[in-house]
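This report refers to the structure that appears directly beneath it.
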Amino acid sequence: MRRVLAVVLSALTVVLLVAAPAATAAQPAYSSYVSLGDSYTSGSLIPNQVHLACTRSDRNYPSLVAQALAPVEFTDVSCGGATTEDMTRPQWGIANRPQFDALRQDTELVSVGVGGNDIPFVEVVTTCAGLSATAPKGAPCKAYYNTRGADRLVEKVRAVGPQVGAVLQGIRDRSPAAHVVLVGYPSLLPESGASCWPLVSIAAGDAPYLRDITKLLNEVLAEQAAAYDATFVDTYTSSIGHDMCAPAGVRWVEGILPGSPAAPVHPNALGAENQARQVLAALGG
């Protein structure tokens, strides 16, 4: 009888070990997690919206990361429209406190996704979409930003670097022992450089231009992460093929006219899930 019981218990142990997800066992333990960032972090218009002023979703990537890590404390103060300056000043007047107010000396994990609104991203998308109407086969947006031998958009992206660096230093000053992860931006347009105008109103010649601008922004962010001892999370590579031009159910970023619940030119629920996967992978999960 004892031998039979031992065999049964041994078999049950094997089943449980096989059934247990490896990622769960590999996840590091954090007692406190704070999420900072802009609308690509807050999950603008992804159901369910739990903070209307900040368009924050309870299915954004920080919430999904927290669900996997199960920290004792989780604080998400990400907010749509946030710039690097909104880390240290109230956003929307007095409606939203400085995001850095959520940081403490004993915070153990901080994720931050910021920089796009400092360019500013919305202005670029609006400008390029409007210009495409008169020259859908040309590159009117690239021409608009290239004047007198200089690319003003490239200059704007490079100028974001020191601003993000200051954010990372600010996090380090307030939470010196925290593991800091800086989350990059996903692929917005086809990696091939193809345009899908008029589905996404970006002219044919501007599609590869804006693709490269997104890549440059991620390069700048990665440089700052390396300089300030933070972990850069690449969400671009994994999202190739899931851009705004992909069909519904395949795309992870909605177009200028969204086809599923999400803000225009922002990650949808599938995109948020991928962002969470990449953050967890970067943390060793």
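Scheme for the structure tokens: letters A, B, ... for chains in order shown; per-chain residue numbers from 1; ligand numbers from 1 in order shown.
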Under the rule of at most 6 Å, produce a per-residue listing of region 179-245 of chain A near region 125-138 of chain A: chain, number, name, the closest pair of atoms, and the distance in Å, as CSV, using only C-alpha atoms.
residue,atom,partner,partner_atom,distance
A:Ser201,CA,A:Ala129,CA,5.1
A:Ile202,CA,A:Ala129,CA,5.4
A:Ala203,CA,A:Pro136,CA,4.3
A:Ala204,CA,A:Lys137,CA,4.9
A:Gly205,CA,A:Gly138,CA,5.1
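Residue nearest Arg158 (chain A) within the list A:Asp86, A:Asp173, A:Asp118, A:Glu108: A:Asp118 [criterion: smallest interatomic distance, only C-alpha atoms].
Minimum atom-to-atom distances from A:Leu36, A:Leu257, A:Val112, A:Val250 to Val77 (chain A) were compared using only C-alpha atoms, and the lowest value belongs to A:Leu36.
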(message) With DSSP run on the backbone, what are the strand (DSSP E or B) residues within region 25-151 of chain A? I'd like them as a PyMOL selection string.
(response) chain A and resi 32-37+49-51+56-57+73-76+91+96+109-113+146-147+150-151
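If you measure from each of A:Val183, A:Cys54, A:Cys196, A:Leu270 to Met244 (chain A) using only C-alpha atoms, the closest one turns out to be A:Cys196.
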(request) Determine which residues of region 103-191 of chain A receive a DSSP assignment of helix (DSSP H, G or I), computed from the backbone, and state them as a PyMOL selection string. (result) chain A and resi 116-118+121-132+140-145+152-174
(message) What's around Lys215 (chain A) at 12 Å? Count only C-alpha atoms, leave out sequence neighbours fewer than 4 positions away in its own chain, and write the answer as a ChimeraX atom specification.
(response) /A:154,157-158,184-189,191,208-211,219-222,234-237,240
(request) Find the distance between CA of Asp206 (chain A) and CA of Thr41 (chain A) and write it in Å to one decimal. (result) 25.9 Å
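Distances here use only C-alpha atoms; by that measure, the residue among A:Ser42, A:Thr75, A:Ser32, A:Ser239 closest to Gln105 (chain A) is A:Ser32.
Closest approach to Pro162 (chain A) among A:Ala262, A:Val34, A:Val279, A:Ala225 is made by A:Ala225 (distances from only C-alpha atoms).
Distance check against Ser78 (chain A) using only C-alpha atoms: of A:Val122, A:Ala102, A:Leu153, A:Ala178, the minimum falls on A:Ala102.
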